Structure formats: structure tokens, C-alpha cells
Amino acid sequence: MGAAGRSWGRREQALLWGTLVAAWNAAWGQLRYSVPEELPKGSFVGDVAKDLGLELPAFRDRGVRVISEGRTQYFALHGKTGHLVTAERIDREQLCRLVEKCVLHCEVIVEGDMQIYGVEVEITDINDNAPGFKETEREERMSESTAPGSRFPLAGAHDPDSGSNSLQHYELSGDEHFSLAVQAGPGGDQRPELVLAKALDREEAAYHELVLRASDGGEPARTGTARIRVMVLDANDNAPVFSQAEYTVRVSEDVPVGSVLVTLKATDADEGLNGHVKYVFHKISDRASELFHLSVEKGEISLKDNLDFEEISLHELQVQARDGGGLSDTAIVAITVKDVNDNAPEISVRSSLSEVSEDAPPGTVVALLHVQDRDSGANGQVRSSLDEGVPFRLRNSQGSYYRVVTSRELDREKVSEYNLTVRAVDGGSPSLESSMVLELRVLDVNDNAPVFAEERYSARLAENNAAGALVLTVQASDADWGQNARVRYRLSEGRVRGTPLSSYVSVQAETGALYALRSFDYEEVREVRLWVWAEDGGSPSLSSNVSVRLEIVDENDNAPQVLYPPPAAPSVAGSGWAGVELAPRSAEPGALVAKVVAVDADAGQNAWLSYELAKATEPGLFRVGLHSGEVRTARFPLSRDASRQSLVVLVKDHGRPALSATATLTVVLAESVAELLSELGSAAAAPGEPADSLTRWLVLAVAAVSCLFFAFLLLLLALRLRRWRRSQLLAASGSAALRGVPASHFVGIDGVRAFLHSYSHEVSLTADSRKSHLRLSSGSCCDTLPARPPPSEPAPLVGDDPAASFCADPSAPTKLTGGNVAMDCGVSSCGAFTN
């Protein structure tokens, strides 16, 4: 019972150790398997998914694949099961010709993790090859005088298998005169020798037939045979002798074909045919027989094909020298191949990305490279490098593997594609170099907002535009690519005169074209300021904005509007404007008669107005100021000139085309208001001429004012008479009481007439007068009633006062003002009173 427990404990320990070793190997990225040779394609080698601890779904998603060294891929990975299987039939003797332990190396690449796992597969030998002789029939010549016990080397057999399946022993059959002896060589190989067991007699037998059989240790064993015919010759007592038992030669692998590597020398003391020596290969491998040539007569070993240190670095040959009598000697030739730097480094891509995002963090693996040099020593030491000035660097991973990783952040807008040149240089002299190019495209990330072509936009749009007219086009570019660079435009919210901005203008989302949705009127909206946003198609999207100033340009779409003279009443026949002005017949040239006032709702030169006299009753009597609109007399009015002058003034702006309006003025040549009213009355009574309601109201207003003025004079006169009557009563009561009263306080009939005369005035009336003006002559700057005289100079009670004379000539012309209606009336003791 105790023994059983100990047995189970040892098994558990063995399993535990095996598990630990497998886990240790997997942790260090190394898997080991063993399979026999000659397995059919698709045979199971190992469970890679299980040994690496990868689940099958993840195993498939991570892109796991196998790469074998060399051109032939001997293994493959089964995607559904995760098993490593054979991809080709493997012949151990072909792959590992001179190697005792045949191991194939491959790598399992997990592309999703950029991980490498080394795999070693040992190819075990099976007994699939029988021992074979290079010469299946051989002739040996021996003199009948050869002493028994003499040994003659035989060409050995070759079995490509290894271990117990290789050549194990020889057997000789056929004749009692000969036996077989087997010697062990320096490398442990078996060297058969033919031993003469019994003296020969040519007269008894001229030749002897022998069979040499070679057997391996396989199950079942395989054998190979060679026939040996021994010719018995007459006596030859001297055998050839080589100058050296072993020849050692060191040659470079780049020695040219045809070069003589070594010359063998063997001598024979006999004469004639028995002393003539010939050279033959006694033992040589298949590959060596393809490489070397032996001169039969001269003993020169020359090169038939190129040597390759990486394939075989040491060749051992056995050369036999034979004389004409059948005697021979054997020498060993060891040819050591020296390595030269004849192999450039080899760069192979095990795994790589064709695209990398520009926001990939530093250290991101983009490629996995394998770099090796088949040379040895310094010739096989490789230095790998990457182009300078690129955001990538090489990082040694394990052994001869390198990772290409990002060294800093990428920017697709600066460089969108990289052609990374990887260079590998060996340590030979001269050094050899190889390179390869990795093409890598940088994927875009939405890290750039749209940028407008201009800092701000402005445009001029003529008013009265058509709805839908193109105003301008804003343009923004995005340095990103694809959807991230697709720019769409929109308007920001706003209002114009209380109305939403979107009802005035719109922007085309794809092109950035700004359109007017309605017709603009410069007189209403002169400027529109707005913001246009540009937004890309990234997620999340980025945006920017720009200000747009839309200036409305004025057009000449408004005709001048005449403010004065005012518009005629609807009952007045004809169109245009009408007004009545008074001009004295005594007016001098250049006297202001009236002023036409007009405005234009446009702006700029479209609102610049000019005036010209389009039509007049007397063409030469009046003129109009070009820019002021003032109507002045051009000459003295003549008696033949009609009392009523009709003037048509044309008001034009400076637009293109120019727009105009007309104003009609009626100028009455009269010296007083009475004549004006008379003229207007006669004009009103004239048949067929419509009455002017405005003039009628003006006449009524003047009559009312005159009545009020005369009533005021009567009241003043009554007050004066009352005061005078009181003074008379006081004088009757006592004359002494009246001595200090001035005579000017007592006014008679002449004084009243003088008072009325001093306050006489002239009125000039115009239609729609907004300005009343009264001007007295400069001579009236005196008191209407005389000042009180000193007491020592009593004034007469009733008499003419020189100081009460008029200050101005009532016939003097009145002053006329242009513009709106001018009404010259007022009272002032000195100067003018303007109301």
C-alpha cells in the first residue's frame, strides 16, 4: 500500500514538473513539439491555442498565424481548432542532412497583440532509408603473393537515417579466402576492411566473388549490398604510399569554381605498371561528390560548384591511391570552408499594419520584423535602423525580432502617408546592406475645425434685388479628411428690424452660397450684419464662424419730393405743384421771390438735387438757383409784363437714370396786398379758372387780422379821447393845475391821423406761409407820440408834431423771403419784428 502511494506521488510529481516546464516555456514565448518525419499533410503537431491559453473565439479574432523560417512553410495553423498541423510532407534526411538532432523553428504571430511565440518542432527519424553503397559493384586486385592477414579498405555504406535506424553492422559472404573486419572511425563511423584469411593461388582461382551486406537497426531492418570481385594477380610487392596520412585544407566559400584546392601525392617503389599510381575517391558524401573533382592521374582536388559555408562548413573525403598491381593506400582530406560576407541581411515582415490612427499613443506597434544574416561571426552581426526624421523607431523585441513603434504623436494633416525604409547592415568588411519599405497610411481624426478663407466677409447688394439673388459665397476648408473634412454651413439666429434673419437671407448648406430671400429697400435697411457657421462632419463635430457684412447699395428708385410749394388741391387742373408768391414790380434784379424746397429719399448722388426753370410766362424775367432752388428776378419787371407769372421749376436728382419732379409757382407782380388780393380775386372770378382754396383762406385770414388791428386802433383812440377829456375838465377847474401837462397828451384830429399814418404797414402774402415778417422803414425809429417837453416849453394842445411824421416811405418795396409761405406783418417802434 505504501509502495503504491509512493508510485502515485512520483507520477503526480512528474506531471507537475511537466506542467511547470510547459508553463515556463509558454511564459517565455517558446513552445516545443516533436513529430516523426514523413507524416502526411495536415497531421497534428500540437495544440497551440491551449498551450498559449487562448480561447478559440479570441484565437480567431486576434489574427494568429504561423511563419516558418526559409522559403518552404512546413507548418500551418488550423483556425477552427487552434492546432498546429503539417503543411508539407517532411523528409528529415533532406532537411537535416548532417545534423544529428533535426529541429525546425517557426513563429506563432498574434497580430492583434503584436506578440511572438517561438515554436520548436523536433523531427524524429523513422527507418525510411536502407543502407546504400556508392558502388554496388567493385573490383579489387590482389597479388597471389599477398600474405594472409593483409587488410584492404572497402567503401562503406551510407544510411541517411539516424540513431538506431542508421547503419549498424556489415556482413561478408561468398568465399573462405576472405573475412570482414570493421574498424571504428574518429567520428564513430564504421569502416569495413577486407581481410585475406587464406593464401591465394592464381592457378587455382583467378578471381573470387564476394557479397558485402550492410544492415541498419530499424524494425524491420533494411539492408544494402555491394558485389566485390577480387582479381588474383601476379606478385606486386610495393603498395603506393601517400605523403601525408591526412590533408587539411581551409578555403573561402567564395573561391571560384575550377580552382584546385589541394594536390595529393602518393609514391610507389615498383616500376612499370605496378608503380603507376591512380587516385580515386574512396569515401565521399553525395553533396561532396557534387562539389569536388579528383584528377585520377595528378591527384588534384578541384571545385566543381560553389561552396556555401551556411550549408556545409566541413567536408571529409577519403582518397585512395592504387598502383597497377592492385595495391593501394588511403588518405583523409578535410576541407574546411571559411565564411565570407556573401550574404546580405534578410528583412522579413512577420506582421504589419497598413493604417494607423493619428491619435495613436506613442509606443503603438505598427510592424513586427525579423532580421537575420546567414553569415557567421562578425559577418552575421546585424545593425538595423530606420529613417531619421520620422515619428517611428525600431525596438528590439527578442532575438532577431524588431518592433516598429510610434515615437510621438502623428499628424495626418502634415503627413498623411509614410514610406518607412528599414535598413539592415552586417558587420562584414566590406559590409552588406539590405532594406525594405513599409507603407503606412495615417487615418484621420477630427482634430481640426473648419477655417474660413477670410477673416470677415463683406458684400454690396443693390436694392430692389430679385428674391433669391446670390449675395456672396463664403468658403471654409477643413484640414481633416473624408467625412471629417465635409463642411456644412448655417446661419446664426438674429433679427433685422424685428424680423427673423432667416426671412432675409439664407445660406446653402453645402456650398456656402448666401442668397437674399427678399428684395431689399435701402430706405428701410441699409446694412445687415450676420454670422455664418461652418461645421464639419466629424463626431463630435467641430465648428467655427465668420462675420458677414451685407451693405445695401442705393439705387435711384425715388423721385425728388417737393416740400414747397405745397401740392395743389385735387380740384386744381393738371398735375404738379402750385403756389402763389408776391413780387413787387419795383424789385431789382436778383431779388428773392421764392424758394423751391425738395428732398430725395435716396442717398449719395442719387439724392443730389438740381433745379432749373422748365417753363415761365416771361422766360427772361426769373431765374432759379441750380443747387439752392431760389427763384430770383433776372431783370426789372416791366409794365408790359403780365401781373400773374406762372413758373414751372424742374427738380432732378443725379441718379442714372435721373428722376425728376416739377413745382408750379404763381408769382403776382404787385406793390401791395390789396393789389395781390385784387389780382387773386380777379383770377378767382375768371371763368374756367378754378378757385384756390388756400389763397381764399389766406385772404380771409388777412381780412380778419386787419379788422382786429383797426378795432385795436379805435380802442386806443377812445382811451386817448377819454384822457383828453379829463384833462379839459381839470383845466376848467384851475388853469394852474394844467401847466405841467405836456401838449402831446392832448391829441386832436391831426394827431389821430398822424398816429394812424405812423402805424401803417404793408403785408406780403404767400401760400402756406410758415413765416410772418414785418419790416418798417429805417426812418420810423421814433416814438409815434412825441416825448414830453420840458415844463418851461409848453406844447400846443392841438397842432402838427414834426416828430410824428412817417419814418418810412410807404411806397418802398417790402422784403421777400424764400422758402415756405412768408407773411410780412408786425409792429415795431424801431426795427423789425419777426414772428
# chains A, B, ... in the order shown; residues from 1 in each chain; ligands from 1
>>> select_by_dssp(residues="region 288-476 of chain A", states="strand (DSSP E or B)", output="MDAnalysis selection string")
chainID A and resid 292:294 300:303 314:322 328:338 346:352 355:357 365:372 382:386 392:396 401:406 417:426 433:443 451:452 456:462 470:473 476
>>> closest_residue(among="A:Arg227, A:Lys652, A:Arg486, A:Arg408", to="Gln561 (chain A)", atoms="only C-alpha atoms")
A:Lys652
>>> select_by_dssp(residues="region 8-243 of chain A", states="helix (DSSP H, G or I)", output="ChimeraX atom specification")
/A:8-27,48-52,56-61,92-95,163-165
>>> closest_residue(among="A:Gly363, A:Gly325, A:Gly63, A:Gly427", to="Arg383 (chain A)", atoms="only C-alpha atoms")
A:Gly427
>>> closest_residue(among="A:Ser243, A:Thr664, A:Ser416, A:Thr336", to="Glu355 (chain A)", atoms="only C-alpha atoms")
A:Ser416
>>> residues_around(residues="Ser660 (chain A)", least_positions_apart="3", cutoff="12 Å", atoms="only C-alpha atoms", output="PyMOL selection string")
chain A and resi 556-562+576+598-600+606-612+614+649-657+663
>>> atom_distance(atom1="CA of Asn343 (chain A)", atom2="CA of Arg374 (chain A)")
6.2 Å
>>> atom_distance(atom1="CA of Ser162 (chain A)", atom2="CA of Pro186 (chain A)")
17.4 Å
>>> atom_distance(atom1="CA of Asp329 (chain A)", atom2="CA of Thr267 (chain A)")
9.8 Å
>>> closest_residue(among="A:Val528, A:Leu470, A:Val64, A:Val596", to="Arg497 (chain A)", atoms="only C-alpha atoms")
A:Val528
>>> residues_around(residues="region 29-45 of chain A", least_positions_apart="6", cutoff="7 Å", atoms="only C-alpha atoms", output="list of chain:residue names")
A:His83, A:Leu84, A:Val85, A:Thr86, A:Ala87, A:Glu88, A:Arg89, A:Ile90, A:Asp91, A:Arg92, A:Ile116, A:Tyr117, A:Gly118, A:Val119, A:Glu120, A:Val121, A:Glu122, A:Ile123, A:Thr124, A:Asp125, A:Ile126
>>> closest_residue(among="A:Ser145, A:Thr364, A:Gln605, A:Ser328", to="Gly112 (chain A)", atoms="only C-alpha atoms")
A:Thr364
>>> residues_around(residues="Val251 (chain A)", least_positions_apart="5", cutoff="9 Å", atoms="only C-alpha atoms", output="PyMOL selection string")
chain A and resi 261+335-339
>>> write_last_selection(atoms="all heavy atoms", output="PDB file, in the first residue's frame")
ATOM      1  N   LEU A 261      42.040  22.932 -55.045  1.00  0.00           N
ATOM      2  CA  LEU A 261      42.076  23.134 -53.603  1.00  0.00           C
ATOM      3  C   LEU A 261      43.289  22.468 -52.963  1.00  0.00           C
ATOM      4  O   LEU A 261      43.911  23.039 -52.061  1.00  0.00           O
ATOM      5  CB  LEU A 261      40.775  22.602 -52.978  1.00  0.00           C
ATOM      6  CG  LEU A 261      39.466  23.182 -53.538  1.00  0.00           C
ATOM      7  CD1 LEU A 261      38.268  22.602 -52.789  1.00  0.00           C
ATOM      8  CD2 LEU A 261      39.455  24.693 -53.469  1.00  0.00           C
ATOM      9  N   ILE A 335      38.378  19.323 -45.762  1.00  0.00           N
ATOM     10  CA  ILE A 335      38.250  20.663 -46.394  1.00  0.00           C
ATOM     11  C   ILE A 335      37.332  21.512 -45.509  1.00  0.00           C
ATOM     12  O   ILE A 335      36.132  21.218 -45.388  1.00  0.00           O
ATOM     13  CB  ILE A 335      37.706  20.546 -47.825  1.00  0.00           C
ATOM     14  CG1 ILE A 335      38.627  19.669 -48.676  1.00  0.00           C
ATOM     15  CG2 ILE A 335      37.556  21.929 -48.433  1.00  0.00           C
ATOM     16  CD1 ILE A 335      38.109  19.430 -50.086  1.00  0.00           C
ATOM     17  N   THR A 336      37.936  22.529 -44.899  1.00  0.00           N
ATOM     18  CA  THR A 336      37.170  23.449 -44.044  1.00  0.00           C
ATOM     19  C   THR A 336      36.818  24.702 -44.842  1.00  0.00           C
ATOM     20  O   THR A 336      37.712  25.336 -45.436  1.00  0.00           O
ATOM     21  CB  THR A 336      37.982  23.842 -42.802  1.00  0.00           C
ATOM     22  OG1 THR A 336      38.322  22.642 -42.080  1.00  0.00           O
ATOM     23  CG2 THR A 336      37.176  24.766 -41.910  1.00  0.00           C
ATOM     24  N   VAL A 337      35.556  25.027 -44.864  1.00  0.00           N
ATOM     25  CA  VAL A 337      35.069  26.199 -45.608  1.00  0.00           C
ATOM     26  C   VAL A 337      35.050  27.394 -44.672  1.00  0.00           C
ATOM     27  O   VAL A 337      34.426  27.355 -43.606  1.00  0.00           O
ATOM     28  CB  VAL A 337      33.671  25.941 -46.195  1.00  0.00           C
ATOM     29  CG1 VAL A 337      33.218  27.157 -46.998  1.00  0.00           C
ATOM     30  CG2 VAL A 337      33.684  24.696 -47.074  1.00  0.00           C
ATOM     31  N   LYS A 338      35.726  28.458 -45.071  1.00  0.00           N
ATOM     32  CA  LYS A 338      35.748  29.688 -44.282  1.00  0.00           C
ATOM     33  C   LYS A 338      34.612  30.617 -44.739  1.00  0.00           C
ATOM     34  O   LYS A 338      34.373  30.767 -45.940  1.00  0.00           O
ATOM     35  CB  LYS A 338      37.084  30.407 -44.428  1.00  0.00           C
ATOM     36  CG  LYS A 338      38.257  29.639 -43.860  1.00  0.00           C
ATOM     37  CD  LYS A 338      39.505  30.493 -43.854  1.00  0.00           C
ATOM     38  CE  LYS A 338      39.883  30.908 -45.272  1.00  0.00           C
ATOM     39  NZ  LYS A 338      41.143  31.705 -45.266  1.00  0.00           N
ATOM     40  N   ASP A 339      34.002  31.222 -43.761  1.00  0.00           N
ATOM     41  CA  ASP A 339      32.873  32.117 -44.069  1.00  0.00           C
ATOM     42  C   ASP A 339      33.380  33.439 -44.608  1.00  0.00           C
ATOM     43  O   ASP A 339      34.367  33.998 -44.115  1.00  0.00           O
ATOM     44  CB  ASP A 339      32.031  32.353 -42.811  1.00  0.00           C
ATOM     45  CG  ASP A 339      30.824  33.232 -43.091  1.00  0.00           C
ATOM     46  OD1 ASP A 339      30.167  33.010 -44.116  1.00  0.00           O
ATOM     47  OD2 ASP A 339      30.558  34.145 -42.281  1.00  0.00           O
TER      48      ASP A 339
END
>>> residues_around(residues="Leu294 (chain A)", least_positions_apart="6", cutoff="12 Å", atoms="only C-alpha atoms", output="list in words")
Gly258, Ser259, Val260, Leu261, Val262, Thr263, Leu264, Lys278, Tyr279, Val280, Phe281, His282, Ile284, Ala288, Glu300, Ile301, Ser302, Leu303, Lys304, Leu317, Gln318, Val319, Gln320, Ala321 and Val333 of chain A
>>> write_last_selection(atoms="N, CA, C and O atoms", output="JSON list (two decimals), in the first residue's frame")
[["chain", "number", "residue", "atom", "x", "y", "z"],
["A", 258, "GLY", "N", 36.42, 25.72, -60.28],
["A", 258, "GLY", "CA", 37.56, 25.31, -61.11],
["A", 258, "GLY", "C", 38.88, 25.43, -60.40],
["A", 258, "GLY", "O", 39.92, 24.95, -60.93],
["A", 259, "SER", "N", 38.89, 26.09, -59.24],
["A", 259, "SER", "CA", 40.14, 26.25, -58.51],
["A", 259, "SER", "C", 40.58, 24.91, -57.94],
["A", 259, "SER", "O", 39.76, 24.09, -57.51],
["A", 260, "VAL", "N", 41.91, 24.69, -57.95],
["A", 260, "VAL", "CA", 42.49, 23.48, -57.35],
["A", 260, "VAL", "C", 42.67, 23.74, -55.87],
["A", 260, "VAL", "O", 43.38, 24.67, -55.45],
["A", 261, "LEU", "N", 42.04, 22.93, -55.05],
["A", 261, "LEU", "CA", 42.08, 23.13, -53.60],
["A", 261, "LEU", "C", 43.29, 22.47, -52.96],
["A", 261, "LEU", "O", 43.91, 23.04, -52.06],
["A", 262, "VAL", "N", 43.61, 21.27, -53.41],
["A", 262, "VAL", "CA", 44.74, 20.53, -52.83],
["A", 262, "VAL", "C", 45.21, 19.50, -53.86],
["A", 262, "VAL", "O", 44.42, 18.99, -54.65],
["A", 263, "THR", "N", 46.51, 19.19, -53.81],
["A", 263, "THR", "CA", 47.08, 18.16, -54.68],
["A", 263, "THR", "C", 47.66, 17.05, -53.80],
["A", 263, "THR", "O", 48.52, 17.31, -52.94],
["A", 264, "LEU", "N", 47.14, 15.84, -54.00],
["A", 264, "LEU", "CA", 47.58, 14.69, -53.22],
["A", 264, "LEU", "C", 48.78, 14.03, -53.93],
["A", 264, "LEU", "O", 48.85, 14.01, -55.17],
["A", 278, "LYS", "N", 47.17, 5.68, -59.51],
["A", 278, "LYS", "CA", 45.96, 6.42, -59.87],
["A", 278, "LYS", "C", 45.17, 6.73, -58.60],
["A", 278, "LYS", "O", 45.22, 5.95, -57.64],
["A", 279, "TYR", "N", 44.42, 7.87, -58.66],
["A", 279, "TYR", "CA", 43.71, 8.35, -57.47],
["A", 279, "TYR", "C", 42.20, 8.27, -57.71],
["A", 279, "TYR", "O", 41.69, 8.62, -58.78],
["A", 280, "VAL", "N", 41.52, 7.79, -56.69],
["A", 280, "VAL", "CA", 40.05, 7.70, -56.74],
["A", 280, "VAL", "C", 39.51, 8.05, -55.35],
["A", 280, "VAL", "O", 40.22, 7.94, -54.35],
["A", 281, "PHE", "N", 38.24, 8.54, -55.37],
["A", 281, "PHE", "CA", 37.56, 8.79, -54.09],
["A", 281, "PHE", "C", 37.18, 7.45, -53.49],
["A", 281, "PHE", "O", 36.52, 6.61, -54.12],
["A", 282, "HIS", "N", 37.59, 7.25, -52.29],
["A", 282, "HIS", "CA", 37.27, 6.01, -51.61],
["A", 282, "HIS", "C", 35.97, 6.13, -50.82],
["A", 282, "HIS", "O", 35.16, 5.21, -50.81],
["A", 284, "ILE", "N", 33.05, 9.31, -50.05],
["A", 284, "ILE", "CA", 32.64, 10.70, -50.27],
["A", 284, "ILE", "C", 31.13, 10.79, -50.18],
["A", 284, "ILE", "O", 30.42, 9.86, -50.58],
["A", 288, "ALA", "N", 29.35, 16.18, -51.39],
["A", 288, "ALA", "CA", 30.76, 16.41, -51.71],
["A", 288, "ALA", "C", 31.09, 15.97, -53.13],
["A", 288, "ALA", "O", 31.91, 16.58, -53.82],
["A", 300, "GLU", "N", 44.80, 15.94, -58.08],
["A", 300, "GLU", "CA", 44.33, 17.30, -57.75],
["A", 300, "GLU", "C", 42.83, 17.26, -57.44],
["A", 300, "GLU", "O", 42.05, 16.68, -58.22],
["A", 301, "ILE", "N", 42.48, 17.86, -56.34],
["A", 301, "ILE", "CA", 41.06, 18.03, -55.99],
["A", 301, "ILE", "C", 40.67, 19.46, -56.33],
["A", 301, "ILE", "O", 41.22, 20.43, -55.76],
["A", 302, "SER", "N", 39.76, 19.60, -57.27],
["A", 302, "SER", "CA", 39.31, 20.93, -57.73],
["A", 302, "SER", "C", 37.83, 21.10, -57.42],
["A", 302, "SER", "O", 37.11, 20.14, -57.09],
["A", 303, "LEU", "N", 37.38, 22.36, -57.57],
["A", 303, "LEU", "CA", 36.00, 22.73, -57.20],
["A", 303, "LEU", "C", 35.11, 22.69, -58.44],
["A", 303, "LEU", "O", 35.42, 23.31, -59.46],
["A", 304, "LYS", "N", 34.01, 21.95, -58.34],
["A", 304, "LYS", "CA", 33.04, 21.86, -59.42],
["A", 304, "LYS", "C", 31.86, 22.82, -59.25],
["A", 304, "LYS", "O", 31.23, 23.21, -60.23],
["A", 317, "LEU", "N", 36.79, 13.79, -46.89],
["A", 317, "LEU", "CA", 36.87, 12.89, -48.03],
["A", 317, "LEU", "C", 37.94, 11.82, -47.76],
["A", 317, "LEU", "O", 38.93, 12.08, -47.04],
["A", 318, "GLN", "N", 37.77, 10.64, -48.33],
["A", 318, "GLN", "CA", 38.79, 9.58, -48.31],
["A", 318, "GLN", "C", 39.21, 9.30, -49.75],
["A", 318, "GLN", "O", 38.37, 8.99, -50.60],
["A", 319, "VAL", "N", 40.51, 9.46, -49.98],
["A", 319, "VAL", "CA", 41.05, 9.26, -51.32],
["A", 319, "VAL", "C", 42.00, 8.04, -51.28],
["A", 319, "VAL", "O", 42.81, 7.88, -50.36],
["A", 320, "GLN", "N", 41.86, 7.23, -52.28],
["A", 320, "GLN", "CA", 42.66, 6.00, -52.38],
["A", 320, "GLN", "C", 43.61, 6.11, -53.58],
["A", 320, "GLN", "O", 43.18, 6.50, -54.66],
["A", 321, "ALA", "N", 44.85, 5.76, -53.30],
["A", 321, "ALA", "CA", 45.86, 5.72, -54.38],
["A", 321, "ALA", "C", 46.14, 4.26, -54.72],
["A", 321, "ALA", "O", 46.48, 3.46, -53.83],
["A", 333, "VAL", "N", 41.14, 13.59, -46.47],
["A", 333, "VAL", "CA", 41.22, 15.01, -46.86],
["A", 333, "VAL", "C", 40.09, 15.75, -46.14],
["A", 333, "VAL", "O", 38.90, 15.42, -46.35]]
>>> closest_residue(among="A:Ser543, A:Ser348, A:Ser285, A:Ser179", to="Ser68 (chain A)", atoms="only C-alpha atoms")
A:Ser348
>>> residues_around(residues="Gly468 (chain A)", least_positions_apart="4", cutoff="6 Å", atoms="only C-alpha atoms", output="PDB file with N, CA and C atoms, in the first residue's frame")
ATOM      1  N   TYR A 515     -27.820  83.703 -50.135  1.00  0.00           N
ATOM      2  CA  TYR A 515     -28.848  84.206 -51.036  1.00  0.00           C
ATOM      3  C   TYR A 515     -29.754  85.187 -50.289  1.00  0.00           C
ATOM      4  N   ALA A 516     -30.245  86.187 -51.033  1.00  0.00           N
ATOM      5  CA  ALA A 516     -31.230  87.123 -50.499  1.00  0.00           C
ATOM      6  C   ALA A 516     -32.617  86.546 -50.752  1.00  0.00           C
ATOM      7  N   LEU A 517     -33.415  86.436 -49.683  1.00  0.00           N
ATOM      8  CA  LEU A 517     -34.737  85.834 -49.816  1.00  0.00           C
ATOM      9  C   LEU A 517     -35.808  86.855 -50.182  1.00  0.00           C
TER      10      LEU A 517
END
